[in-house]
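All remarks here apply to the structure that follows.
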Amino acid sequence: MSAAAIDLSTESANVALRPSVWKRLKAHWGVKVGGTAFALLFAIALAAPWLGTVDPTLFDPGSRDLLPGAQGEITTLEGESIKHTFLMGSDSFGRDIHSRVIYGTRVSLIVGFACALLAVFLGVLAGLSAGYLRWLDMPLMRVMDGIMAIPGILIAIALVALWKASLLTVIVAIAIPEIPRVTRLVRSLVLSIREEPYVEAAVSLGTPTWKIMFGHILPNTVAPLTVQGTYICAAAILTEAILSFLGVGLPTDIPTWGNIMAEGRVQFQQFPHNVFFPGIFLAVTVLAVNILGDGLRDTLDPKMAKRA
């Protein structure tokens, strides 16, 4: 069989399967519920400058510890005093919690997306290399096993402590512990796919190694990688909140759900809204991403789809 025939048959099979996949995605409740919730959070992040009523870093000593819905005054950077409704109350510095939570949505989604993309990209490169290049399998996987032997939160704390705390530092620190999981997933897929007849035919035709890896093997890993990426996104959002809550994440001048809850935990009994609202946003976001991931798994996994 020629290379053109192999490519044509593979493309025809993909085209034939594509409508049924999209039909299952649109019909699955998890994809609809999780996708809708995630899209709403994404819209909130994009519209933060309009939904956030004031600057999230702007504080006024006279408006400290106000309850949700209370009226107060905020002094702008220009020195002008304006009346303001604190929809979610204010913290001990007089900052508007509503604006801080809305802008925190941006940070959390950026961290989640960036960590998932970085971990999947590096994990795919390592997994393809370990699974297809036999001489690289042993040393590369031992490195991955060493990384997995250390708790991910400890690796993240150590890396953030070594470098200056910034958004890029937090993203890299959270993504590194996730790389071995993606690597092991891709490697296990490659070990089975490389024995398929179409891969052996491509090898016998003298197809370059890089083209086999990225043209014939990689497309067959897209579905499980998509599911794995959603779980990494949810875990990264949660880990960033933990780091910020512990005081080793992003600086306090960048509003995140973690440092909002950290600043409000001291007065939790008197003013629980300081922790309640960012906690609700964090829980809903992680739940939405996990539900979306479960829905994608049920629809993209052939075994799960066959059971359904």
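Labels used: A, B, ... for chains in the order of the structure tokens, numbers from 1 for residues in each chain, and numbers from 1 for ligands as shown.
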
9 Å contact set for stretch 124-137 of chain A, only C-alpha atoms, chain neighbours under 4 positions out, as a VMD selection string: chain A and resid 119 to 120 141 to 142 179 to 180 182 to 191 194 209 213 to 214 217 to 218 225

Within 9 Å of stretch 247-261 of chain A, counting only C-alpha atoms, which residues show up once you throw out same-chain ones fewer than 4 positions away? Write them as a PDB file with N, CA and C atoms, in the first residue's frame, please.
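The resulting file, result.pdb, is reproduced below:
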ATOM      1  N   PRO A  56      -9.497  46.974  41.467  1.00  0.00           N
ATOM      2  CA  PRO A  56      -9.413  45.998  42.563  1.00  0.00           C
ATOM      3  C   PRO A  56      -8.314  46.293  43.571  1.00  0.00           C
ATOM      4  N   THR A  57      -7.355  47.132  43.205  1.00  0.00           N
ATOM      5  CA  THR A  57      -6.273  47.467  44.145  1.00  0.00           C
ATOM      6  C   THR A  57      -6.541  48.757  44.892  1.00  0.00           C
ATOM      7  N   ASP A  91     -12.939  44.370  52.229  1.00  0.00           N
ATOM      8  CA  ASP A  91     -12.015  43.671  53.119  1.00  0.00           C
ATOM      9  C   ASP A  91     -11.477  44.632  54.183  1.00  0.00           C
ATOM     10  N   ILE A  97     -14.448  43.690  47.304  1.00  0.00           N
ATOM     11  CA  ILE A  97     -14.256  42.257  47.092  1.00  0.00           C
ATOM     12  C   ILE A  97     -14.838  41.829  45.751  1.00  0.00           C
ATOM     13  N   SER A  99     -14.931  43.438  42.878  1.00  0.00           N
ATOM     14  CA  SER A  99     -13.966  43.698  41.807  1.00  0.00           C
ATOM     15  C   SER A  99     -12.765  42.762  41.902  1.00  0.00           C
ATOM     16  N   ARG A 100     -12.307  42.476  43.101  1.00  0.00           N
ATOM     17  CA  ARG A 100     -11.154  41.595  43.273  1.00  0.00           C
ATOM     18  C   ARG A 100     -11.477  40.163  42.840  1.00  0.00           C
ATOM     19  N   VAL A 101     -12.686  39.698  43.140  1.00  0.00           N
ATOM     20  CA  VAL A 101     -13.082  38.345  42.730  1.00  0.00           C
ATOM     21  C   VAL A 101     -13.220  38.261  41.212  1.00  0.00           C
ATOM     22  N   ILE A 102     -13.798  39.293  40.596  1.00  0.00           N
ATOM     23  CA  ILE A 102     -13.972  39.293  39.142  1.00  0.00           C
ATOM     24  C   ILE A 102     -12.607  39.287  38.444  1.00  0.00           C
ATOM     25  N   TYR A 103     -11.702  40.133  38.883  1.00  0.00           N
ATOM     26  CA  TYR A 103     -10.365  40.155  38.277  1.00  0.00           C
ATOM     27  C   TYR A 103      -9.585  38.882  38.625  1.00  0.00           C
ATOM     28  N   GLY A 104      -9.890  38.275  39.777  1.00  0.00           N
ATOM     29  CA  GLY A 104      -9.251  37.012  40.110  1.00  0.00           C
ATOM     30  C   GLY A 104      -9.628  35.893  39.159  1.00  0.00           C
ATOM     31  N   THR A 105     -10.810  35.991  38.542  1.00  0.00           N
ATOM     32  CA  THR A 105     -11.216  35.003  37.546  1.00  0.00           C
ATOM     33  C   THR A 105     -10.244  34.997  36.376  1.00  0.00           C
ATOM     34  N   ARG A 106      -9.797  36.166  35.973  1.00  0.00           N
ATOM     35  CA  ARG A 106      -8.817  36.265  34.889  1.00  0.00           C
ATOM     36  C   ARG A 106      -7.544  35.503  35.232  1.00  0.00           C
ATOM     37  N   VAL A 107      -7.018  35.773  36.410  1.00  0.00           N
ATOM     38  CA  VAL A 107      -5.751  35.150  36.818  1.00  0.00           C
ATOM     39  C   VAL A 107      -5.882  33.638  36.863  1.00  0.00           C
ATOM     40  N   SER A 108      -6.967  33.149  37.447  1.00  0.00           N
ATOM     41  CA  SER A 108      -7.143  31.709  37.591  1.00  0.00           C
ATOM     42  C   SER A 108      -7.262  31.022  36.232  1.00  0.00           C
ATOM     43  N   ILE A 157       6.146  25.004  45.468  1.00  0.00           N
ATOM     44  CA  ILE A 157       6.584  25.932  46.517  1.00  0.00           C
ATOM     45  C   ILE A 157       8.082  26.184  46.407  1.00  0.00           C
ATOM     46  N   VAL A 160       8.826  28.443  43.293  1.00  0.00           N
ATOM     47  CA  VAL A 160       8.403  29.834  43.520  1.00  0.00           C
ATOM     48  C   VAL A 160       9.329  30.515  44.517  1.00  0.00           C
ATOM     49  N   ALA A 161       9.808  29.750  45.520  1.00  0.00           N
ATOM     50  CA  ALA A 161      10.720  30.325  46.514  1.00  0.00           C
ATOM     51  C   ALA A 161      12.083  30.644  45.906  1.00  0.00           C
ATOM     52  N   ALA A 165       8.546  35.791  42.666  1.00  0.00           N
ATOM     53  CA  ALA A 165       7.130  35.473  42.494  1.00  0.00           C
ATOM     54  C   ALA A 165       6.517  36.322  41.382  1.00  0.00           C
ATOM     55  N   SER A 166       6.001  35.669  40.364  1.00  0.00           N
ATOM     56  CA  SER A 166       5.355  36.346  39.248  1.00  0.00           C
ATOM     57  C   SER A 166       4.393  35.358  38.602  1.00  0.00           C
ATOM     58  N   LEU A 167       3.589  35.831  37.663  1.00  0.00           N
ATOM     59  CA  LEU A 167       2.630  34.966  36.992  1.00  0.00           C
ATOM     60  C   LEU A 167       3.348  33.871  36.215  1.00  0.00           C
ATOM     61  N   THR A 169       6.353  32.611  36.793  1.00  0.00           N
ATOM     62  CA  THR A 169       6.966  31.679  37.744  1.00  0.00           C
ATOM     63  C   THR A 169       5.939  30.683  38.272  1.00  0.00           C
ATOM     64  N   VAL A 170       4.765  31.172  38.637  1.00  0.00           N
ATOM     65  CA  VAL A 170       3.719  30.302  39.164  1.00  0.00           C
ATOM     66  C   VAL A 170       3.269  29.301  38.108  1.00  0.00           C
ATOM     67  N   LEU A 238      -6.613  25.104  41.225  1.00  0.00           N
ATOM     68  CA  LEU A 238      -6.659  24.802  42.653  1.00  0.00           C
ATOM     69  C   LEU A 238      -5.289  24.986  43.309  1.00  0.00           C
ATOM     70  N   GLU A 240      -2.828  26.955  42.315  1.00  0.00           N
ATOM     71  CA  GLU A 240      -2.510  28.393  42.389  1.00  0.00           C
ATOM     72  C   GLU A 240      -3.192  29.037  43.573  1.00  0.00           C
ATOM     73  N   ALA A 241      -4.449  28.635  43.831  1.00  0.00           N
ATOM     74  CA  ALA A 241      -5.163  29.174  44.989  1.00  0.00           C
ATOM     75  C   ALA A 241      -4.492  28.750  46.295  1.00  0.00           C
ATOM     76  N   ILE A 242      -4.006  27.510  46.342  1.00  0.00           N
ATOM     77  CA  ILE A 242      -3.318  27.028  47.542  1.00  0.00           C
ATOM     78  C   ILE A 242      -2.024  27.813  47.762  1.00  0.00           C
ATOM     79  N   LEU A 243      -1.245  28.002  46.695  1.00  0.00           N
ATOM     80  CA  LEU A 243       0.014  28.748  46.819  1.00  0.00           C
ATOM     81  C   LEU A 243      -0.234  30.178  47.278  1.00  0.00           C
ATOM     82  N   ARG A 265      -9.156  35.298  56.074  1.00  0.00           N
ATOM     83  CA  ARG A 265      -9.312  34.187  57.019  1.00  0.00           C
ATOM     84  C   ARG A 265      -9.175  34.635  58.482  1.00  0.00           C
ATOM     85  N   ASN A 274     -15.601  37.603  53.188  1.00  0.00           N
ATOM     86  CA  ASN A 274     -14.262  37.758  52.623  1.00  0.00           C
ATOM     87  C   ASN A 274     -13.722  36.442  52.068  1.00  0.00           C
ATOM     88  N   VAL A 275     -14.162  35.329  52.618  1.00  0.00           N
ATOM     89  CA  VAL A 275     -13.711  34.007  52.177  1.00  0.00           C
ATOM     90  C   VAL A 275     -14.783  33.316  51.342  1.00  0.00           C
ATOM     91  N   PHE A 276     -16.039  33.606  51.642  1.00  0.00           N
ATOM     92  CA  PHE A 276     -17.141  32.889  51.001  1.00  0.00           C
ATOM     93  C   PHE A 276     -17.185  33.119  49.494  1.00  0.00           C
ATOM     94  N   PHE A 277     -17.150  34.363  49.045  1.00  0.00           N
ATOM     95  CA  PHE A 277     -17.335  34.656  47.630  1.00  0.00           C
ATOM     96  C   PHE A 277     -16.186  34.129  46.755  1.00  0.00           C
ATOM     97  N   PRO A 278     -14.919  34.386  47.093  1.00  0.00           N
ATOM     98  CA  PRO A 278     -13.857  33.776  46.273  1.00  0.00           C
ATOM     99  C   PRO A 278     -13.861  32.251  46.358  1.00  0.00           C
ATOM    100  N   GLY A 279     -14.254  31.700  47.518  1.00  0.00           N
ATOM    101  CA  GLY A 279     -14.329  30.248  47.642  1.00  0.00           C
ATOM    102  C   GLY A 279     -15.386  29.649  46.740  1.00  0.00           C
ATOM    103  N   PHE A 281     -16.480  30.956  43.865  1.00  0.00           N
ATOM    104  CA  PHE A 281     -15.986  31.045  42.488  1.00  0.00           C
ATOM    105  C   PHE A 281     -14.953  29.947  42.215  1.00  0.00           C
ATOM    106  N   LEU A 282     -14.072  29.697  43.175  1.00  0.00           N
ATOM    107  CA  LEU A 282     -13.055  28.658  43.009  1.00  0.00           C
ATOM    108  C   LEU A 282     -13.704  27.283  42.885  1.00  0.00           C
TER     109      LEU A 282
END

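Take atom CA of A:Gly146 and atom CA of A:Ile174: the distance between them is 16.3 Å.
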
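The closest residue to A:Ile291, picked from A:Val54, A:Ala37, A:Leu25, A:Ala158 and counting only C-alpha atoms, is A:Ala37.
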
Distance of atom CA of A:Trp22 from atom CA of A:Gly35, expressed in Å to one decimal place: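 If I compute the distance from atom CA of A:Gly35 to atom CA of A:Trp22, I get 13.8 Å.
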